[in-house]
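A.B. asks: I have a structure here, written as structure tokens, and I will follow up with some questions on it.
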Amino acid sequence: MPRILDRKDPSAFKTLPLHVEASTDALSYQSLGRPLNFSQMLERRRPVQVNDSRRFAVELANLGVSVRLTLGLQGRDYWLVVRQRRHDRGDTVLKLISGYVPAHELNLPLLTAIQEVAEECLIETPEGWLAGRFGDTWLPTPYQKTLHYRQANHFRLSPLSGAARPVRTGSLTLLERPQAYVHLPTASLQLVYDLRLELPRDSRHVSLFHVDETLQDGELVACLQRRRPDIYLLPLAQGKPTGELLTLLKGELKPASTRGVWLSESFAEADGWLVREERVRWKDWLANNCAAKACSSRKAC
């Protein structure tokens, strides 16, 4: 049975629409107009058209962040993805950890990104749940009222190499150099941060769980479902996926089925600054990105 970890009032969320300008070398965004609540933001997330994928100016509904999280485990690297049912799009996909950026963090989207890691990616050990740090900054422990977080040890987040083209908010360049794309079907700007997650050295029998918020009776409810961890590992070889999909429960890696799996638009091919797809088939994405392709072996894909 799902365990309720937290409840929120969705009316407390406010964001701002954006004015975005892009050139071949850089992209900049700034807030536009009046604050929007969650429902107003969703209403604005309608398809937009852009003629030139490398040079344009456009008004968008919101700013979102995603985290391409690389986990080092037992001498090997893995990307973490989570399963999410997207009610606004009527589908279920595997996606990066992600969230909407509230109005007060539009100039600090990295803060939203690391908070999303703390909220969506739960790491359990036999001694309790792990809190985290990004550099000298402690991540929040959003479920401390219902879960026992360990005091002695924590996981660490650190930035990996950023994108080549800078992203600016007003006149300020985002130092962490996230990748940016405009998603045309939802009229949104998405920033993708590459971060690495390192577990404590003494971590044993680790389990990973995804916590997602759903709207229930007018409240955003965060639930933990042990029977459906909904967080997956993509093993990497030389930085590319091998074609496998795994779960991690009590320190044991177990294969998961990839039949009928779709990935979110962040895995789709970009055209300049633009992404036009809503989602991409697992097998189609692997056909272009699987490590086995470089070895002339398609068995894993």
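Chain labels follow the order of the structure tokens: the first chain is A, the next B, and so on; residue numbering restarts at 1 in every chain, and ligands are counted from 1 in their shown order.
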Run DSSP on the backbone and give me the residues of segment 6-110 of chain A it puts in helix (DSSP H, G or I), as a PDB file with all heavy atoms, in the first residue's frame.
C.D. replies:
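File out25.pdb, as written:
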```pdb
ATOM      1  N   PRO A  10      -1.438  23.022  -4.092  1.00  0.00           N
ATOM      2  CA  PRO A  10      -0.915  23.430  -5.392  1.00  0.00           C
ATOM      3  C   PRO A  10      -1.052  24.914  -5.678  1.00  0.00           C
ATOM      4  O   PRO A  10      -0.321  25.461  -6.508  1.00  0.00           O
ATOM      5  CB  PRO A  10      -1.742  22.595  -6.387  1.00  0.00           C
ATOM      6  CG  PRO A  10      -2.971  22.224  -5.646  1.00  0.00           C
ATOM      7  CD  PRO A  10      -2.559  22.089  -4.210  1.00  0.00           C
ATOM      8  N   SER A  11      -1.957  25.586  -4.989  1.00  0.00           N
ATOM      9  CA  SER A  11      -2.129  27.031  -5.216  1.00  0.00           C
ATOM     10  C   SER A  11      -0.942  27.830  -4.711  1.00  0.00           C
ATOM     11  O   SER A  11      -0.787  29.008  -5.058  1.00  0.00           O
ATOM     12  CB  SER A  11      -3.413  27.518  -4.544  1.00  0.00           C
ATOM     13  OG  SER A  11      -3.308  27.418  -3.127  1.00  0.00           O
ATOM     14  N   ALA A  12      -0.071  27.207  -3.896  1.00  0.00           N
ATOM     15  CA  ALA A  12       1.103  27.923  -3.394  1.00  0.00           C
ATOM     16  C   ALA A  12       2.169  28.082  -4.471  1.00  0.00           C
ATOM     17  O   ALA A  12       3.061  28.929  -4.346  1.00  0.00           O
ATOM     18  CB  ALA A  12       1.695  27.181  -2.194  1.00  0.00           C
ATOM     19  N   PHE A  38      -0.445  27.112 -10.943  1.00  0.00           N
ATOM     20  CA  PHE A  38      -0.177  25.860 -11.653  1.00  0.00           C
ATOM     21  C   PHE A  38      -1.156  25.659 -12.811  1.00  0.00           C
ATOM     22  O   PHE A  38      -0.753  25.309 -13.926  1.00  0.00           O
ATOM     23  CB  PHE A  38      -0.255  24.692 -10.672  1.00  0.00           C
ATOM     24  CG  PHE A  38       0.302  23.408 -11.210  1.00  0.00           C
ATOM     25  CD1 PHE A  38       1.666  23.223 -11.350  1.00  0.00           C
ATOM     26  CD2 PHE A  38      -0.544  22.380 -11.578  1.00  0.00           C
ATOM     27  CE1 PHE A  38       2.185  22.038 -11.851  1.00  0.00           C
ATOM     28  CE2 PHE A  38      -0.038  21.189 -12.080  1.00  0.00           C
ATOM     29  CZ  PHE A  38       1.332  21.021 -12.214  1.00  0.00           C
ATOM     30  N   SER A  39      -2.427  25.888 -12.578  1.00  0.00           N
ATOM     31  CA  SER A  39      -3.432  25.688 -13.623  1.00  0.00           C
ATOM     32  C   SER A  39      -3.244  26.664 -14.778  1.00  0.00           C
ATOM     33  O   SER A  39      -3.387  26.295 -15.949  1.00  0.00           O
ATOM     34  CB  SER A  39      -4.843  25.846 -13.043  1.00  0.00           C
ATOM     35  OG  SER A  39      -5.095  24.857 -12.068  1.00  0.00           O
ATOM     36  N   GLN A  40      -2.930  27.920 -14.462  1.00  0.00           N
ATOM     37  CA  GLN A  40      -2.704  28.913 -15.507  1.00  0.00           C
ATOM     38  C   GLN A  40      -1.483  28.563 -16.353  1.00  0.00           C
ATOM     39  O   GLN A  40      -1.490  28.762 -17.569  1.00  0.00           O
ATOM     40  CB  GLN A  40      -2.547  30.297 -14.878  1.00  0.00           C
ATOM     41  CG  GLN A  40      -3.818  30.840 -14.260  1.00  0.00           C
ATOM     42  CD  GLN A  40      -3.570  32.076 -13.415  1.00  0.00           C
ATOM     43  OE1 GLN A  40      -2.493  32.244 -12.808  1.00  0.00           O
ATOM     44  NE2 GLN A  40      -4.556  32.959 -13.351  1.00  0.00           N
ATOM     45  N   MET A  41      -0.435  28.049 -15.692  1.00  0.00           N
ATOM     46  CA  MET A  41       0.757  27.638 -16.428  1.00  0.00           C
ATOM     47  C   MET A  41       0.424  26.503 -17.388  1.00  0.00           C
ATOM     48  O   MET A  41       0.810  26.531 -18.564  1.00  0.00           O
ATOM     49  CB  MET A  41       1.850  27.193 -15.466  1.00  0.00           C
ATOM     50  CG  MET A  41       3.121  26.697 -16.147  1.00  0.00           C
ATOM     51  SD  MET A  41       4.169  25.730 -15.048  1.00  0.00           S
ATOM     52  CE  MET A  41       3.148  24.264 -14.802  1.00  0.00           C
ATOM     53  N   LEU A  42      -0.310  25.476 -16.909  1.00  0.00           N
ATOM     54  CA  LEU A  42      -0.664  24.353 -17.769  1.00  0.00           C
ATOM     55  C   LEU A  42      -1.509  24.804 -18.953  1.00  0.00           C
ATOM     56  O   LEU A  42      -1.376  24.277 -20.062  1.00  0.00           O
ATOM     57  CB  LEU A  42      -1.404  23.289 -16.964  1.00  0.00           C
ATOM     58  CG  LEU A  42      -0.598  22.527 -15.916  1.00  0.00           C
ATOM     59  CD1 LEU A  42      -1.476  21.495 -15.226  1.00  0.00           C
ATOM     60  CD2 LEU A  42       0.615  21.846 -16.532  1.00  0.00           C
ATOM     61  N   GLU A  43      -2.361  25.780 -18.741  1.00  0.00           N
ATOM     62  CA  GLU A  43      -3.205  26.285 -19.821  1.00  0.00           C
ATOM     63  C   GLU A  43      -2.365  26.927 -20.923  1.00  0.00           C
ATOM     64  O   GLU A  43      -2.726  26.872 -22.103  1.00  0.00           O
ATOM     65  CB  GLU A  43      -4.203  27.303 -19.258  1.00  0.00           C
ATOM     66  CG  GLU A  43      -5.147  27.902 -20.275  1.00  0.00           C
ATOM     67  CD  GLU A  43      -6.071  26.863 -20.924  1.00  0.00           C
ATOM     68  OE1 GLU A  43      -6.357  25.846 -20.272  1.00  0.00           O
ATOM     69  OE2 GLU A  43      -6.496  27.097 -22.068  1.00  0.00           O
ATOM     70  N   ARG A  44      -1.240  27.512 -20.558  1.00  0.00           N
ATOM     71  CA  ARG A  44      -0.362  28.158 -21.551  1.00  0.00           C
ATOM     72  C   ARG A  44       0.540  27.162 -22.276  1.00  0.00           C
ATOM     73  O   ARG A  44       1.174  27.522 -23.270  1.00  0.00           O
ATOM     74  CB  ARG A  44       0.518  29.212 -20.871  1.00  0.00           C
ATOM     75  CG  ARG A  44      -0.197  30.518 -20.545  1.00  0.00           C
ATOM     76  CD  ARG A  44       0.747  31.469 -19.833  1.00  0.00           C
ATOM     77  NE  ARG A  44       0.161  32.772 -19.628  1.00  0.00           N
ATOM     78  CZ  ARG A  44       0.586  33.893 -20.220  1.00  0.00           C
ATOM     79  NH1 ARG A  44       1.601  33.848 -21.069  1.00  0.00           N
ATOM     80  NH2 ARG A  44       0.015  35.053 -19.979  1.00  0.00           N
ATOM     81  N   ALA A 103       8.654  30.984  -9.513  1.00  0.00           N
ATOM     82  CA  ALA A 103       9.013  32.357  -9.875  1.00  0.00           C
ATOM     83  C   ALA A 103      10.246  32.856  -9.131  1.00  0.00           C
ATOM     84  O   ALA A 103      11.115  33.508  -9.716  1.00  0.00           O
ATOM     85  CB  ALA A 103       7.827  33.281  -9.614  1.00  0.00           C
ATOM     86  N   HIS A 104      10.368  32.539  -7.831  1.00  0.00           N
ATOM     87  CA  HIS A 104      11.464  33.087  -7.046  1.00  0.00           C
ATOM     88  C   HIS A 104      12.803  32.408  -7.321  1.00  0.00           C
ATOM     89  O   HIS A 104      13.827  32.837  -6.786  1.00  0.00           O
ATOM     90  CB  HIS A 104      11.130  33.002  -5.549  1.00  0.00           C
ATOM     91  CG  HIS A 104      10.981  31.600  -5.035  1.00  0.00           C
ATOM     92  ND1 HIS A 104       9.833  30.864  -5.207  1.00  0.00           N
ATOM     93  CD2 HIS A 104      11.840  30.799  -4.363  1.00  0.00           C
ATOM     94  CE1 HIS A 104       9.985  29.671  -4.658  1.00  0.00           C
ATOM     95  NE2 HIS A 104      11.193  29.602  -4.145  1.00  0.00           N
ATOM     96  N   GLU A 105      12.804  31.363  -8.163  1.00  0.00           N
ATOM     97  CA  GLU A 105      14.058  30.688  -8.487  1.00  0.00           C
ATOM     98  C   GLU A 105      14.397  30.752  -9.979  1.00  0.00           C
ATOM     99  O   GLU A 105      15.294  30.037 -10.436  1.00  0.00           O
ATOM    100  CB  GLU A 105      14.010  29.221  -8.020  1.00  0.00           C
ATOM    101  CG  GLU A 105      13.977  29.090  -6.503  1.00  0.00           C
ATOM    102  CD  GLU A 105      13.856  27.654  -6.016  1.00  0.00           C
ATOM    103  OE1 GLU A 105      13.793  26.737  -6.869  1.00  0.00           O
ATOM    104  OE2 GLU A 105      13.807  27.443  -4.790  1.00  0.00           O
ATOM    105  N   PRO A 109      18.031  28.448 -11.287  1.00  0.00           N
ATOM    106  CA  PRO A 109      17.398  27.160 -11.612  1.00  0.00           C
ATOM    107  C   PRO A 109      18.154  25.949 -11.083  1.00  0.00           C
ATOM    108  O   PRO A 109      17.554  24.887 -10.895  1.00  0.00           O
ATOM    109  CB  PRO A 109      17.354  27.170 -13.142  1.00  0.00           C
ATOM    110  CG  PRO A 109      18.431  28.129 -13.554  1.00  0.00           C
ATOM    111  CD  PRO A 109      18.457  29.180 -12.489  1.00  0.00           C
ATOM    112  N   LEU A 110      19.462  26.086 -10.826  1.00  0.00           N
ATOM    113  CA  LEU A 110      20.203  24.968 -10.240  1.00  0.00           C
ATOM    114  C   LEU A 110      19.630  24.599  -8.879  1.00  0.00           C
ATOM    115  O   LEU A 110      19.587  23.414  -8.509  1.00  0.00           O
ATOM    116  CB  LEU A 110      21.683  25.313 -10.106  1.00  0.00           C
ATOM    117  CG  LEU A 110      22.549  24.257  -9.408  1.00  0.00           C
ATOM    118  CD1 LEU A 110      22.590  22.959 -10.208  1.00  0.00           C
ATOM    119  CD2 LEU A 110      23.960  24.788  -9.167  1.00  0.00           C
TER     120      LEU A 110
END
```
A.B. asks: Which residues are near Leu195 of chain A? Cut-off 9 Å, only C-alpha atoms, ignore same chain within fewer than 2 positions. Put them as a list of chain:residue names.
C.D. replies: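 Near Leu195 of chain A, the qualifying residues are A:Val67, A:Arg68, A:Leu69, A:Thr70, A:Leu71, A:Leu157, A:Ser158, A:Pro159, A:Leu160, A:Ser161, A:Tyr193, A:Leu197.
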A.B. asks: Please produce a file of the residues just selected, as a compact mmCIF listing (two decimals), in the first residue's frame, where the atoms kept are all heavy atoms.
C.D. replies:
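Okay, this is what ended up in again-v3.txt:
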```
# COMPACT_ATOMS: atom_id res chain seq x y z
N VAL A 67 17.57 16.84 -14.53
CA VAL A 67 18.89 16.44 -14.05
C VAL A 67 19.26 15.11 -14.70
O VAL A 67 18.58 14.11 -14.49
CB VAL A 67 18.93 16.30 -12.51
CG1 VAL A 67 20.34 15.88 -12.07
CG2 VAL A 67 18.54 17.62 -11.85
N ARG A 68 20.32 15.15 -15.51
CA ARG A 68 20.89 13.90 -16.02
C ARG A 68 21.88 13.42 -14.96
O ARG A 68 23.00 13.86 -14.88
CB ARG A 68 21.59 14.12 -17.36
CG ARG A 68 22.07 12.81 -18.01
CD ARG A 68 22.76 13.06 -19.33
NE ARG A 68 21.83 13.56 -20.34
CZ ARG A 68 21.84 14.79 -20.82
NH1 ARG A 68 22.73 15.67 -20.38
NH2 ARG A 68 20.97 15.16 -21.75
N LEU A 69 21.39 12.51 -14.12
CA LEU A 69 22.11 12.11 -12.91
C LEU A 69 22.90 10.83 -13.19
O LEU A 69 22.34 9.80 -13.55
CB LEU A 69 21.11 11.89 -11.78
CG LEU A 69 21.64 11.84 -10.35
CD1 LEU A 69 22.38 13.12 -10.00
CD2 LEU A 69 20.48 11.64 -9.37
N THR A 70 24.22 10.93 -13.02
CA THR A 70 25.11 9.78 -13.22
C THR A 70 25.50 9.22 -11.85
O THR A 70 26.10 9.93 -11.05
CB THR A 70 26.36 10.18 -14.00
OG1 THR A 70 25.98 10.69 -15.28
CG2 THR A 70 27.27 8.97 -14.21
N LEU A 71 25.16 7.97 -11.62
CA LEU A 71 25.48 7.30 -10.36
C LEU A 71 26.68 6.39 -10.55
O LEU A 71 26.71 5.56 -11.47
CB LEU A 71 24.27 6.47 -9.90
CG LEU A 71 24.51 5.50 -8.73
CD1 LEU A 71 24.82 6.27 -7.45
CD2 LEU A 71 23.31 4.58 -8.55
N LEU A 157 26.37 15.36 -4.51
CA LEU A 157 26.15 15.76 -5.89
C LEU A 157 27.27 16.69 -6.32
O LEU A 157 27.69 17.56 -5.56
CB LEU A 157 24.81 16.49 -6.05
CG LEU A 157 23.53 15.71 -5.80
CD1 LEU A 157 22.33 16.61 -6.02
CD2 LEU A 157 23.44 14.49 -6.70
N SER A 158 27.74 16.50 -7.54
CA SER A 158 28.77 17.39 -8.09
C SER A 158 28.50 17.61 -9.56
O SER A 158 27.94 16.74 -10.24
CB SER A 158 30.17 16.79 -7.88
OG SER A 158 30.26 15.52 -8.47
N PRO A 159 28.87 18.77 -10.10
CA PRO A 159 28.60 19.05 -11.51
C PRO A 159 29.57 18.32 -12.43
O PRO A 159 30.75 18.16 -12.12
CB PRO A 159 28.79 20.57 -11.61
CG PRO A 159 29.74 20.90 -10.50
CD PRO A 159 29.45 19.93 -9.40
N LEU A 160 29.06 17.87 -13.56
CA LEU A 160 29.89 17.34 -14.63
C LEU A 160 30.08 18.45 -15.67
O LEU A 160 29.58 19.56 -15.51
CB LEU A 160 29.23 16.11 -15.25
CG LEU A 160 29.11 14.90 -14.31
CD1 LEU A 160 28.30 13.78 -14.94
CD2 LEU A 160 30.48 14.39 -13.91
N SER A 161 30.79 18.17 -16.73
CA SER A 161 31.08 19.21 -17.73
C SER A 161 29.80 19.74 -18.32
O SER A 161 28.87 18.99 -18.62
CB SER A 161 31.98 18.64 -18.83
OG SER A 161 31.36 17.53 -19.45
N TYR A 193 20.73 19.78 -16.41
CA TYR A 193 21.99 19.81 -15.66
C TYR A 193 22.58 18.40 -15.61
O TYR A 193 21.88 17.44 -15.31
CB TYR A 193 21.76 20.31 -14.23
CG TYR A 193 21.48 21.79 -14.15
CD1 TYR A 193 20.17 22.26 -14.21
CD2 TYR A 193 22.51 22.70 -14.00
CE1 TYR A 193 19.90 23.62 -14.13
CE2 TYR A 193 22.25 24.07 -13.91
CZ TYR A 193 20.96 24.52 -13.98
OH TYR A 193 20.70 25.86 -13.91
N LEU A 197 26.25 11.63 -8.83
CA LEU A 197 25.84 11.24 -7.48
C LEU A 197 26.81 10.19 -6.96
O LEU A 197 26.99 9.14 -7.58
CB LEU A 197 24.41 10.69 -7.51
CG LEU A 197 23.71 10.45 -6.17
CD1 LEU A 197 22.20 10.44 -6.38
CD2 LEU A 197 24.13 9.13 -5.52
```
A.B. asks: Tell me which protein, DNA and RNA residues are within 12 Å of Asn153 of chain A, counting only C-alpha atoms, leaving out same-chain ones fewer than 5 positions away, and put them as number ranges by chain.
C.D. replies: A: 123-125, 127-133, 198-203
A.B. asks: Can you tell me, as a PyMOL selection string, which residues in segment 38-173 of chain A count as strand (DSSP E) by DSSP?
C.D. replies: chain A and resi 56-60+62-73+76-86+91-95+97-100+121-125+128-134+137-138+149-159+167-169+172-173
A.B. asks: If we count only C-alpha atoms and set the cut-off at 8 Å, which residues sit around segment 215-222 of chain A, ignoring sequence neighbours fewer than 4 positions away in its own chain? Please answer as a ChimeraX atom specification.
C.D. replies: /A:4-10,211
A.B. asks: Write out as a ChimeraX atom specification which residues come within 12 Å of segment 276-279 of chain A when counting only C-alpha atoms, dropping same-chain ones fewer than 2 positions away.
C.D. replies: /A:47-50,53,86,88-95,181-188,261-274,281-282,284-285
A.B. asks: At a cut-off of 9 Å, using only C-alpha atoms, what residues contact Glu252 of chain A? Leave out same-chain residues fewer than 4 positions from it and give the result as a ChimeraX atom specification.
C.D. replies: /A:205-207,247-248
A.B. asks: Separation of atom CA of Leu208 of chain A and atom CA of Tyr143 of chain A, in Å?
C.D. replies: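 Separating atom CA of Leu208 of chain A from atom CA of Tyr143 of chain A is a distance of 15.3 Å.
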A.B. asks: Go through A:Leu147, A:Ala152, A:Leu32, A:Ile97 and flag the residue nearest Thr112 of chain A, using only C-alpha atoms for the distances.
C.D. replies: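 With only C-alpha atoms as the atom set, the closest residue is A:Ile97.
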A.B. asks: What is the atom CA of Ala180 of chain A to atom CA of Leu27 of chain A distance in Å?
C.D. replies: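 Rounded to one decimal, the two atoms are 7.9 Å apart.
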A.B. asks: With a distance cut-off of 10 Å and only C-alpha atoms, select the neighbouring residues of Leu111 of chain A, excluding the residue or stretch itself and same-chain residues fewer than 6 positions from it, and output the selection as an NGL selection string.
C.D. replies: :A and (65 or 101 or 105 or 134 or 137 or 139)
A.B. asks: Save the residues we just selected, N, CA, C and O atoms, as a PDB file, in the first residue's frame?
C.D. replies:
```pdb
ATOM      1  N   VAL A  65      13.385  22.379 -15.287  1.00  0.00           N
ATOM      2  CA  VAL A  65      14.749  21.861 -15.131  1.00  0.00           C
ATOM      3  C   VAL A  65      14.694  20.333 -15.119  1.00  0.00           C
ATOM      4  O   VAL A  65      13.729  19.731 -14.657  1.00  0.00           O
ATOM      5  N   VAL A 101      10.183  25.314 -12.508  1.00  0.00           N
ATOM      6  CA  VAL A 101      10.926  26.304 -11.721  1.00  0.00           C
ATOM      7  C   VAL A 101       9.956  27.364 -11.212  1.00  0.00           C
ATOM      8  O   VAL A 101       9.274  28.020 -12.011  1.00  0.00           O
ATOM      9  N   GLU A 105      12.804  31.363  -8.163  1.00  0.00           N
ATOM     10  CA  GLU A 105      14.058  30.688  -8.487  1.00  0.00           C
ATOM     11  C   GLU A 105      14.397  30.752  -9.979  1.00  0.00           C
ATOM     12  O   GLU A 105      15.294  30.037 -10.436  1.00  0.00           O
ATOM     13  N   PHE A 134      25.309  19.248  -2.102  1.00  0.00           N
ATOM     14  CA  PHE A 134      25.876  19.735  -3.355  1.00  0.00           C
ATOM     15  C   PHE A 134      26.950  20.738  -2.975  1.00  0.00           C
ATOM     16  O   PHE A 134      26.644  21.848  -2.535  1.00  0.00           O
ATOM     17  N   THR A 137      26.490  22.922   0.159  1.00  0.00           N
ATOM     18  CA  THR A 137      25.069  23.160   0.382  1.00  0.00           C
ATOM     19  C   THR A 137      24.353  21.850   0.692  1.00  0.00           C
ATOM     20  O   THR A 137      24.422  20.890  -0.089  1.00  0.00           O
ATOM     21  N   LEU A 139      21.234  19.521   0.796  1.00  0.00           N
ATOM     22  CA  LEU A 139      19.946  19.402   0.133  1.00  0.00           C
ATOM     23  C   LEU A 139      18.850  19.321   1.185  1.00  0.00           C
ATOM     24  O   LEU A 139      19.090  18.874   2.306  1.00  0.00           O
TER      25      LEU A 139
END
```
